[in-house]
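Participant: Coordinates in start-v5.cif, mmCIF, C-alpha atoms, are listed below.
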```cif
data_my_file
loop_
_atom_site.label_atom_id
_atom_site.label_comp_id
_atom_site.auth_asym_id
_atom_site.auth_seq_id
_atom_site.Cartn_x
_atom_site.Cartn_y
_atom_site.Cartn_z
CA MET F 1 0.00 0.00 0.00
CA SER F 2 2.54 2.51 -1.16
CA ASN F 3 0.11 5.41 -1.16
CA LEU F 4 -0.14 5.16 2.61
CA SER F 5 3.58 4.86 3.17
CA THR F 6 5.36 7.22 5.46
CA GLN F 7 7.59 9.49 3.46
CA TYR F 8 9.55 11.21 6.19
CA SER F 9 13.24 11.76 5.72
CA SER F 10 16.02 13.23 7.76
CA SER F 11 15.51 16.54 5.95
CA ASP F 12 12.15 16.94 7.70
CA THR F 13 13.94 17.26 11.02
CA SER F 14 16.24 19.89 9.54
CA LEU F 15 13.24 21.83 8.23
CA LEU F 16 11.65 21.74 11.66
CA ASP F 17 14.85 23.01 13.26
CA GLN F 18 15.10 25.75 10.65
CA ALA F 19 11.49 26.74 11.18
CA SER F 20 11.93 27.04 14.92
CA HIS F 21 15.02 29.18 14.35
CA ASP F 22 13.23 31.48 11.90
CA TRP F 23 10.32 31.95 14.25
CA ARG F 24 12.49 32.74 17.24
CA GLY F 25 11.24 35.88 18.95
CA THR F 26 7.66 35.42 17.81
CA GLY F 27 6.68 33.15 20.66
CA TRP F 28 6.48 30.16 18.31
CA THR F 29 9.05 27.63 19.39
CA GLU F 30 10.06 24.16 18.42
CA SER F 31 8.16 23.03 21.50
CA SER F 32 5.05 24.74 20.12
CA ALA F 33 5.55 22.99 16.81
CA ARG F 34 5.90 19.63 18.49
CA GLN F 35 2.84 20.30 20.65
CA SER F 36 0.87 21.22 17.55
CA THR F 37 1.97 18.02 15.82
CA LYS F 38 0.96 16.01 18.88
CA GLN F 39 -2.46 17.68 18.98
CA ARG F 40 -2.95 16.98 15.28
CA ARG F 41 -2.04 13.33 15.81
CA ASN F 42 -4.44 13.03 18.77
CA SER F 43 -7.18 14.64 16.74
CA GLN F 44 -6.65 12.13 13.91
CA ILE F 45 -6.76 9.20 16.34
CA ASN F 46 -9.96 10.57 17.86
CA LEU F 47 -11.47 10.89 14.39
CA ALA F 48 -10.53 7.29 13.57
CA GLU F 49 -12.08 6.07 16.83
CA THR F 50 -15.30 8.01 16.30
CA VAL F 51 -15.72 6.98 12.68
CA SER F 52 -15.09 3.30 13.45
CA VAL F 53 -17.57 3.25 16.34
CA ASN F 54 -20.22 5.05 14.28
CA ILE F 55 -19.90 2.62 11.38
CA ALA F 56 -20.20 -0.34 13.74
CA GLN F 57 -23.34 1.23 15.21
CA PHE F 58 -24.87 1.93 11.79
CA ARG F 59 -24.19 -1.66 10.84
CA GLN F 60 -25.75 -3.09 13.97
CA GLY F 61 -28.69 -0.72 13.56
CA ALA F 62 -29.25 -1.96 10.01
CA LEU F 63 -29.10 -5.60 11.11
CA SER F 64 -31.50 -5.15 14.00
CA ASN F 65 -34.07 -2.98 12.26
CA PRO F 66 -36.31 -5.12 10.01
CA ASP F 67 -37.50 -2.12 8.01
CA MET F 68 -33.97 -0.93 7.42
CA ARG F 69 -32.90 -4.47 6.66
CA ASP F 70 -35.58 -4.86 4.01
CA TYR F 71 -34.79 -1.46 2.56
CA LEU F 72 -31.09 -2.20 2.30
CA LEU F 73 -31.75 -5.66 0.97
CA VAL F 74 -33.70 -4.20 -1.91
CA THR F 75 -31.63 -1.13 -2.67
CA SER F 76 -28.11 -2.33 -2.02
CA ILE F 77 -27.90 -6.07 -2.36
CA GLN F 78 -30.32 -6.86 -5.16
CA ASP F 79 -29.16 -3.88 -7.24
CA LYS F 80 -25.62 -5.06 -6.84
CA LYS F 81 -26.47 -8.55 -8.05
CA SER F 82 -28.44 -7.41 -11.08
CA MET E 1 -2.66 -15.46 11.24
CA LYS E 2 -6.15 -16.55 12.20
CA LEU E 3 -7.69 -13.17 11.43
CA PHE E 4 -5.94 -12.91 8.07
CA GLN E 5 -7.25 -16.34 7.08
CA LYS E 6 -10.72 -15.24 8.12
CA ILE E 7 -10.46 -12.16 5.92
CA GLN E 8 -9.28 -14.18 2.95
CA ARG E 9 -12.21 -16.54 3.38
CA LEU E 10 -14.56 -13.56 3.64
CA PHE E 11 -13.78 -12.55 0.08
CA SER E 12 -13.03 -15.91 -1.45
CA THR E 13 -16.67 -16.86 -2.01
CA SER E 14 -19.38 -15.20 -4.02
CA SER E 15 -21.92 -12.71 -2.70
CA GLN E 16 -24.70 -15.25 -3.18
CA GLN E 17 -23.02 -17.63 -0.79
CA SER E 18 -22.67 -14.87 1.77
CA GLY E 19 -26.40 -14.25 2.16
CA GLY E 20 -28.53 -15.43 5.03
CA SER E 21 -30.56 -18.59 4.71
CA ASP E 22 -33.70 -16.54 4.17
CA ASN E 23 -34.13 -12.99 3.00
CA THR E 24 -32.13 -11.53 5.84
CA LEU E 25 -29.21 -9.21 5.61
CA THR E 26 -25.94 -10.36 7.10
CA GLU E 27 -23.04 -8.41 8.52
CA ARG E 28 -20.89 -9.91 5.81
CA GLN E 29 -23.12 -8.50 3.09
CA LEU E 30 -22.92 -5.08 4.68
CA ILE E 31 -19.14 -5.32 4.81
CA GLU E 32 -19.07 -6.30 1.14
CA CYS E 33 -21.21 -3.27 0.28
CA GLU E 34 -18.96 -1.02 2.35
CA SER E 35 -15.84 -2.45 0.78
CA GLU E 36 -17.19 -1.71 -2.67
CA ILE E 37 -16.94 1.93 -1.65
CA GLY E 38 -13.70 1.46 0.27
CA ARG E 39 -11.78 -0.23 -2.53
CA ASN E 40 -12.33 2.72 -4.85
CA LEU E 41 -11.02 5.38 -2.49
CA PHE E 42 -7.44 4.88 -3.57
CA GLY E 43 -7.73 5.40 -7.29
CA PRO E 44 -7.92 2.88 -10.12
CA ILE E 45 -7.39 -0.77 -9.20
CA PRO E 46 -4.76 -2.35 -11.46
CA GLU E 47 -6.15 -4.92 -13.88
CA GLY E 48 -6.16 -8.38 -12.37
CA HIS E 49 -6.04 -7.07 -8.82
CA GLN E 50 -8.73 -7.55 -6.22
CA ARG E 51 -8.74 -4.90 -3.54
CA GLU E 52 -10.82 -4.57 -0.40
CA PHE E 53 -10.75 -1.84 2.22
CA PHE E 54 -13.27 -1.86 5.00
CA CYS E 55 -14.03 -1.34 8.66
CA LEU E 56 -14.11 -4.82 10.23
CA ASP E 57 -15.34 -3.73 13.64
CA GLN E 58 -15.24 -0.71 15.89
CA SER E 59 -11.48 -0.81 16.28
CA THR E 60 -10.18 -2.61 13.19
CA TRP E 61 -9.74 -1.69 9.53
CA ILE E 62 -8.59 -4.06 6.82
CA TRP E 63 -6.70 -3.50 3.58
CA TYR E 64 -6.62 -6.60 1.38
CA GLU E 65 -5.13 -6.90 -2.07
CA GLN E 66 -4.78 -9.99 -4.24
CA TRP E 67 -3.18 -10.41 -7.64
CA GLN E 68 -1.32 -12.94 -9.74
CA ASP E 69 2.39 -12.74 -10.45
CA ALA E 70 4.08 -13.50 -13.76
CA ASP E 71 3.94 -17.23 -12.99
CA GLN E 72 0.19 -17.02 -12.35
CA ARG E 73 0.69 -17.59 -8.66
CA THR E 74 -1.84 -15.84 -6.49
CA ILE E 75 -0.26 -13.27 -4.21
CA SER E 76 -2.17 -11.52 -1.48
CA GLN E 77 -1.40 -8.92 1.11
CA THR E 78 -3.47 -8.10 4.13
CA ILE E 79 -2.83 -5.17 6.41
CA ARG E 80 -4.75 -4.68 9.61
CA TYR E 81 -5.08 -1.28 11.26
CA GLU E 82 -5.97 -1.33 14.94
CA ILE E 83 -7.37 1.86 16.41
CA SER E 84 -6.59 2.60 20.04
CA PRO E 85 -6.10 5.74 22.14
CA ALA E 86 -2.35 5.17 21.89
CA GLY E 87 -2.40 5.37 18.11
CA ILE E 88 -3.17 3.43 14.97
CA LEU E 89 -1.23 0.21 14.87
CA LYS E 90 -0.45 -1.21 11.43
CA VAL E 91 -0.05 -4.98 11.45
CA LYS E 92 1.20 -6.97 8.47
CA GLU E 93 0.87 -10.70 7.89
CA ASN E 94 4.40 -11.46 8.98
CA ASN E 95 3.60 -9.89 12.36
CA ARG E 96 5.54 -6.74 11.55
CA TYR E 97 3.78 -3.92 13.30
CA SER E 98 4.24 -0.21 13.88
CA TYR E 99 2.20 2.84 14.77
CA ILE E 100 1.54 4.92 11.70
CA ASP E 101 2.49 8.57 11.80
CA GLY E 102 3.13 11.58 9.60
CA GLN E 103 1.85 11.45 6.03
CA GLU E 104 0.70 7.85 6.37
CA LEU E 105 -1.52 8.80 9.31
CA GLU E 106 -2.85 11.78 7.33
CA ASN E 107 -3.67 9.54 4.36
CA PHE E 108 -5.26 6.85 6.50
CA THR E 109 -7.53 9.26 8.38
CA LEU E 110 -8.51 10.99 5.14
CA ALA E 111 -9.41 7.61 3.61
CA ILE E 112 -11.56 6.49 6.53
CA LYS E 113 -13.26 9.90 6.71
CA LEU E 114 -14.23 9.61 3.04
CA TYR E 115 -15.27 6.00 3.60
CA TYR E 116 -17.43 7.00 6.54
CA GLU E 117 -19.14 9.86 4.72
CA ARG E 118 -19.91 7.75 1.65
CA VAL E 119 -20.94 4.62 3.53
CA ALA E 120 -23.14 6.59 5.93
CA ARG E 121 -25.00 8.28 3.11
CA SER E 122 -25.20 5.64 0.41
CA ILE E 123 -25.52 2.41 2.41
CA TYR E 124 -27.03 3.36 5.76
CA HIS E 125 -28.80 6.48 4.52
CA ARG E 126 -27.59 8.43 7.51
CA ASP E 127 -26.27 11.93 7.86
CA PRO E 128 -22.61 11.31 8.75
CA TYR E 129 -22.48 14.34 11.03
CA THR E 130 -25.67 13.82 13.03
CA GLY E 131 -26.20 10.07 12.57
CA LYS E 132 -29.84 10.73 11.79
CA PHE E 133 -31.60 9.02 8.92
CA LEU E 134 -31.65 11.03 5.72
CA SER E 135 -35.08 12.39 4.95
CA SER E 136 -35.72 10.04 2.01
CA THR E 137 -35.74 6.98 4.28
CA SER E 138 -37.31 8.44 7.42
#
```
Any chance you could give the structure as structure tokens?

Facilitator:
Amino acid sequence: MSNLSTQYSSSDTSLLDQASHDWRGTGWTESSARQSTKQRRNSQINLAETVSVNIAQFRQGALSNPDMRDYLLVTSIQDKKS
Amino acid sequence: MKLFQKIQRLFSTSSQQSGGSDNTLTERQLIECESEIGRNLFGPIPEGHQREFFCLDQSTWIWYEQWQDADQRTISQTIRYEISPAGILKVKENNRYSYIDGQELENFTLAIKLYYERVARSIYHRDPYTGKFLSSTS
């Protein structure tokens, strides 16, 4: 799955160091950058958790609701087979 | 290896075989419908390849790809993504595992967000943001 491969290189670290140097005096530090990266990562993990739980709930809802089950059976499954 | 074998079996038989004994919908059929959306999120599938990408349960996502090499041998690759508060663990068949980060994490979360929005609307007829049924089915 190459399109999901990590493409970090050692130059990324250099860029981060350079960025923190350039922003010196503005209040934006390397620590801020790292904190921001950490928050972004946490936000992505939260998104993944929420999405996965919601899908599982939608699925269970569809299986347990006869009306929904019939509706899906007609619209999704039979259309797919035709 | 048990889970990977289960996934391979999941897609090794036809849709007709996956149905319930009567007119009921099965979880497997729903996963197949979802994967039809999931497999197309990553661009064109190379000719001769079979690709599946789907949410297995509330903490697991599966990428599965199968193709034949030059000697007509069937090759397959399964990658499991496990979601936990500590991160998203990528597990390959040879038990190599690592938390994804950086661009790979960006790409993965974008893919599952698109998957969620499309699956919610077109399969479950739900608004992905509120979870409520779309007006046409309510």

Participant: Report, in Å to a single decimal, how far apart CA of Gln66 (chain E) and CA of Arg51 (chain E) are.

Facilitator: 6.5 Å

Participant: Residues near Ile55 (chain F), anyone? I mean within 10 Å using only C-alpha atoms, not counting same-chain ones fewer than 2 positions away, as a PDB file with C-alpha atoms, in the frame of the given file.

Facilitator:
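And here's out17.pdb as it stands now:
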```pdb
ATOM      1  CA  THR F  50     -15.300   8.010  16.300  1.00  0.00           C
ATOM      2  CA  VAL F  51     -15.720   6.980  12.680  1.00  0.00           C
ATOM      3  CA  SER F  52     -15.090   3.300  13.450  1.00  0.00           C
ATOM      4  CA  VAL F  53     -17.570   3.250  16.340  1.00  0.00           C
ATOM      5  CA  GLN F  57     -23.340   1.230  15.210  1.00  0.00           C
ATOM      6  CA  PHE F  58     -24.870   1.930  11.790  1.00  0.00           C
ATOM      7  CA  ARG F  59     -24.190  -1.660  10.840  1.00  0.00           C
ATOM      8  CA  GLN F  60     -25.750  -3.090  13.970  1.00  0.00           C
ATOM      9  CA  GLY F  61     -28.690  -0.720  13.560  1.00  0.00           C
TER      10      GLY F  61
ATOM     11  CA  GLU E  34     -18.960  -1.020   2.350  1.00  0.00           C
ATOM     12  CA  CYS E  55     -14.030  -1.340   8.660  1.00  0.00           C
ATOM     13  CA  LEU E  56     -14.110  -4.820  10.230  1.00  0.00           C
ATOM     14  CA  ASP E  57     -15.340  -3.730  13.640  1.00  0.00           C
ATOM     15  CA  GLN E  58     -15.240  -0.710  15.890  1.00  0.00           C
ATOM     16  CA  TYR E 115     -15.270   6.000   3.600  1.00  0.00           C
ATOM     17  CA  TYR E 116     -17.430   7.000   6.540  1.00  0.00           C
ATOM     18  CA  GLU E 117     -19.140   9.860   4.720  1.00  0.00           C
ATOM     19  CA  VAL E 119     -20.940   4.620   3.530  1.00  0.00           C
ATOM     20  CA  ALA E 120     -23.140   6.590   5.930  1.00  0.00           C
ATOM     21  CA  TYR E 124     -27.030   3.360   5.760  1.00  0.00           C
ATOM     22  CA  PRO E 128     -22.610  11.310   8.750  1.00  0.00           C
ATOM     23  CA  GLY E 131     -26.200  10.070  12.570  1.00  0.00           C
TER      24      GLY E 131
END
```

Participant: So, counting all atoms listed in the file, which residue among F:Asn54, F:Asn42, F:Ser31, F:Ser64 is closest to Thr130 (chain E)?

Facilitator: F:Asn54

Participant: Starting from the shown file, work through the PyMOL selection byres ((chain E) within 9 of (chain F)) and note down what comes out as a PyMOL selection string.

Facilitator: chain E and resi 15-16+23-27+29-31+33+42+55-61+63+65+79+83-88+100-109+112-113+116+119-120+122-124+126+128+131+137

Participant: Rounded to one decimal in Å, what is the spacing between CA of Tyr81 (chain E) and CA of Leu41 (chain E)?

Facilitator: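 Calculated distance between CA of Tyr81 (chain E) and CA of Leu41 (chain E) is 16.4 Å.
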
Participant: Quick one: pull the distance between CA of Glu82 (chain E) and CA of Tyr129 (chain E), Å, one decimal.

Facilitator: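 A separation of 23.1 Å between them.
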